[in-house]
Each structure stands twice: as structure tokens, then as C-alpha cells.
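What follows is a set of notes on a single structure, which appears directly below.
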Amino acid sequence: MKMVRIIALVALALLAITAMWGALLLIGDPSGHPMDIPVSVLEPSPFHSFLIPGILLLVSSGLLGAAVFVLTVLKIRRYGWWVAVQGSVLFGWITIEVVMLRTVVWLHYVYWGLALVLIGCGWALRRQGLAAETGAFHTVSAARR
């Protein structure tokens with residue numbers, strides 16, 4: 001299970017770093033110019049610049065991803081659940097982005113894949129945590145008999 005945790009940590013680090021980097025570029029210049037994204041891609045969406053999407057990206061994938069990374073490093077109780085939640089948030093983010101922009105680019109597939117990795121790792125880590133808690137409970141119960 002150590003390998004699953006390492007994969008989750010690498011995925012979380014990749015997500016948090018790239019999300020913060022992209023979000024800060026979008027917030028710093030909401031025209032999309034630093035990333036070579038024309039504002040015209042936002043026409044089907046309710047946004048007129050990349051400012052609000054940049055802020056949402058920073059919070060939902062950058063800061064949350066960094067927080068979940070820390071929880072996972074410290075092995076905070078039920079951290080696997082948070083890994084799965086972050087994967088679900090990322091999957092939702094990409095899906096909503098694709099629906100709003102009415103287009104799919106290769107990077108969407110990469111981040112959908114990353115989301116599925118996080119969900120899978122989180123599920124596996126959560127199952128391991130529940131098994132450990134249940135095992136500990138049974139051990140204590142058996143010792144009391």
C-alpha cells in the first residue's frame with residue numbers, strides 16, 4: 001500500500017503545482033495572453049475573462065490539492081478519503097470546463113486520467129484505513145474477552 005500512497009503524493013504534487021502555476025498566470029493576466037489562450041474560447045461560457053476561472057482553479061485544485069498533499073504526507077486519519085475527494089473535484093472541474101467551452105483538448109484527457117488515478121488511490125487508501133481501524137477494533141475487543 002506504500003506504493004499507492006506514493007503514487008497519490010506524486011499525482012497531488014503534480015496537480016497542485018500545475019494548478020497554482022496556471023491559476024496565477026490567469027489571475028495575473030486575465031486575458032489569457034501568457035498561456036496563449038484567446039479570450040474568445042470563453043464565448044460559450046458565462047465568463048468574459050480568465051480571472052474568475054483562475055481563482056476557482058487556484059482554490060479547487062491548487063490550494064485544495066496542496067492541503068490534501070499535506071494530509072497525505074502526515075497520514076492524517078482518513079486521508080485516503082480526501083485524496084478521492086480531490087480526484088472527484090478535479091474530474092468535475094474538467095468535465096464542467098469541457099461542457100462550458102464545448103471543446104476537448106489533449107490536456108483534458110491528461111487531467112481526467114490524473115483525476116481517475118487520485119480517485120483510485122484514494123479508494124484504495126481509504127479501504128486500507130478502514131481495514132486497519134476494523135482490525136484494531138477487533139484486536140482490542142479480543143483482548144478484553
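Chain labels run A, B, ... following the order of the C-alpha cells; each chain numbers its residues from 1, and ligands are numbered from 1 in the order shown.
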For this session: Write out as a ChimeraX atom specification each polymer residue whose atoms come within 8 Å of Thr72 (chain A), counting only C-alpha atoms; drop sequence neighbours fewer than 3 positions from it.
Result: /A:5,9,68-69,75-76,79-80,83
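For Pro34 (chain A), the list of residues within 10 Å, based on only C-alpha atoms and with local chain neighbours fewer than 6 positions off taken out, reads Gly22, Leu25, Leu26 and Gly28 of chain A.
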Writer output for current selection, C-alpha atoms, as a compact mmCIF listing (two decimals), in the first residue's frame:
```
# COMPACT_ATOMS: atom_id res chain seq x y z
CA GLY A 22 -1.80 28.09 -14.30
CA LEU A 25 -0.93 33.16 -14.73
CA LEU A 26 -4.68 33.51 -15.40
CA GLY A 28 -2.17 37.88 -13.18
```
Problem set entry | Surrounding residues of Thr95 (chain A) excluding itself and chain neighbours under 4 positions, 12 Å, only C-alpha atoms, as number ranges by chain | A: 88-91, 99-105, 108-109, 111-113, 115
For this session: May I have the residues within 9 Å of Ser61 (chain A) as a ChimeraX atom specification, using only C-alpha atoms and disregarding those fewer than 4 positions away in the same chain?
Result: /A:15-16,18-20,56-57,65-66,86,89-90,93
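With only C-alpha atoms as the atoms that count, the minimum distance from Trp123 (chain A) to the choices A:Ala13, A:Met35, A:Ala84, A:Leu58 is reached by A:Ala84.
Among the candidates A:Trp82, A:Met3, A:Gly32, A:Ile119, the one nearest to Ala67 (chain A) when counting only C-alpha atoms is A:Trp82.
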For this session: Could you find all residues in region 2-132 of chain A that DSSP calls helix (DSSP H, G or I) from the backbone, and write them as a ChimeraX atom specification?
Result: /A:2-28,33-35,39-42,51-73,79-101,106-132
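Reported to one decimal place, the separation of CA of Ile17 (chain A) from CA of Gly129 (chain A) is 26.9 Å.
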For this session: Quick one: pull the distance between CA of Phe47 (chain A) and CA of Leu63 (chain A), Å, one decimal.
Result: 21.9 Å
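Interatomic distance, CA of Trp81 (chain A) against CA of Ala8 (chain A): 11.7 Å.
Among the candidates A:Ile7, A:Val85, A:Val98, A:Leu24, the one nearest to Gly54 (chain A) when counting only C-alpha atoms is A:Leu24.
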Exercise. If you count only C-alpha atoms, which residues fall within 10 Å of His48 (chain A), apart from same-chain ones fewer than 6 positions away, as a PyMOL selection string?
Worked result: chain A and resi 30-31+39-42
Write to file, as a short mmCIF file (atom, residue, chain, number, x, y, z; two decimals), in the first residue's frame, the residues of the selection just made, with N, CA and C atoms.
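The resulting file, part.cif, is shown below:
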```
data_model
loop_
_atom_site.label_atom_id
_atom_site.label_comp_id
_atom_site.auth_asym_id
_atom_site.auth_seq_id
_atom_site.Cartn_x
_atom_site.Cartn_y
_atom_site.Cartn_z
N PRO A 30 -5.71 38.20 -16.88
CA PRO A 30 -6.96 37.52 -17.22
C PRO A 30 -7.28 37.46 -18.72
N SER A 31 -6.42 38.06 -19.55
CA SER A 31 -6.65 37.99 -20.99
C SER A 31 -6.24 36.63 -21.56
N VAL A 39 -9.18 34.89 -25.33
CA VAL A 39 -10.40 35.08 -24.53
C VAL A 39 -11.62 34.57 -25.29
N SER A 40 -11.52 34.50 -26.60
CA SER A 40 -12.64 34.04 -27.41
C SER A 40 -13.08 32.61 -27.08
N VAL A 41 -12.19 31.81 -26.49
CA VAL A 41 -12.60 30.44 -26.11
C VAL A 41 -13.66 30.48 -25.02
N LEU A 42 -13.75 31.59 -24.30
CA LEU A 42 -14.73 31.73 -23.22
C LEU A 42 -16.12 32.14 -23.71
#
```
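Using only C-alpha atoms for every distance, the candidate list A:Glu43, A:Pro53, A:Trp21, A:Ala11 yields A:Ala11 as the residue closest to Leu116 (chain A).
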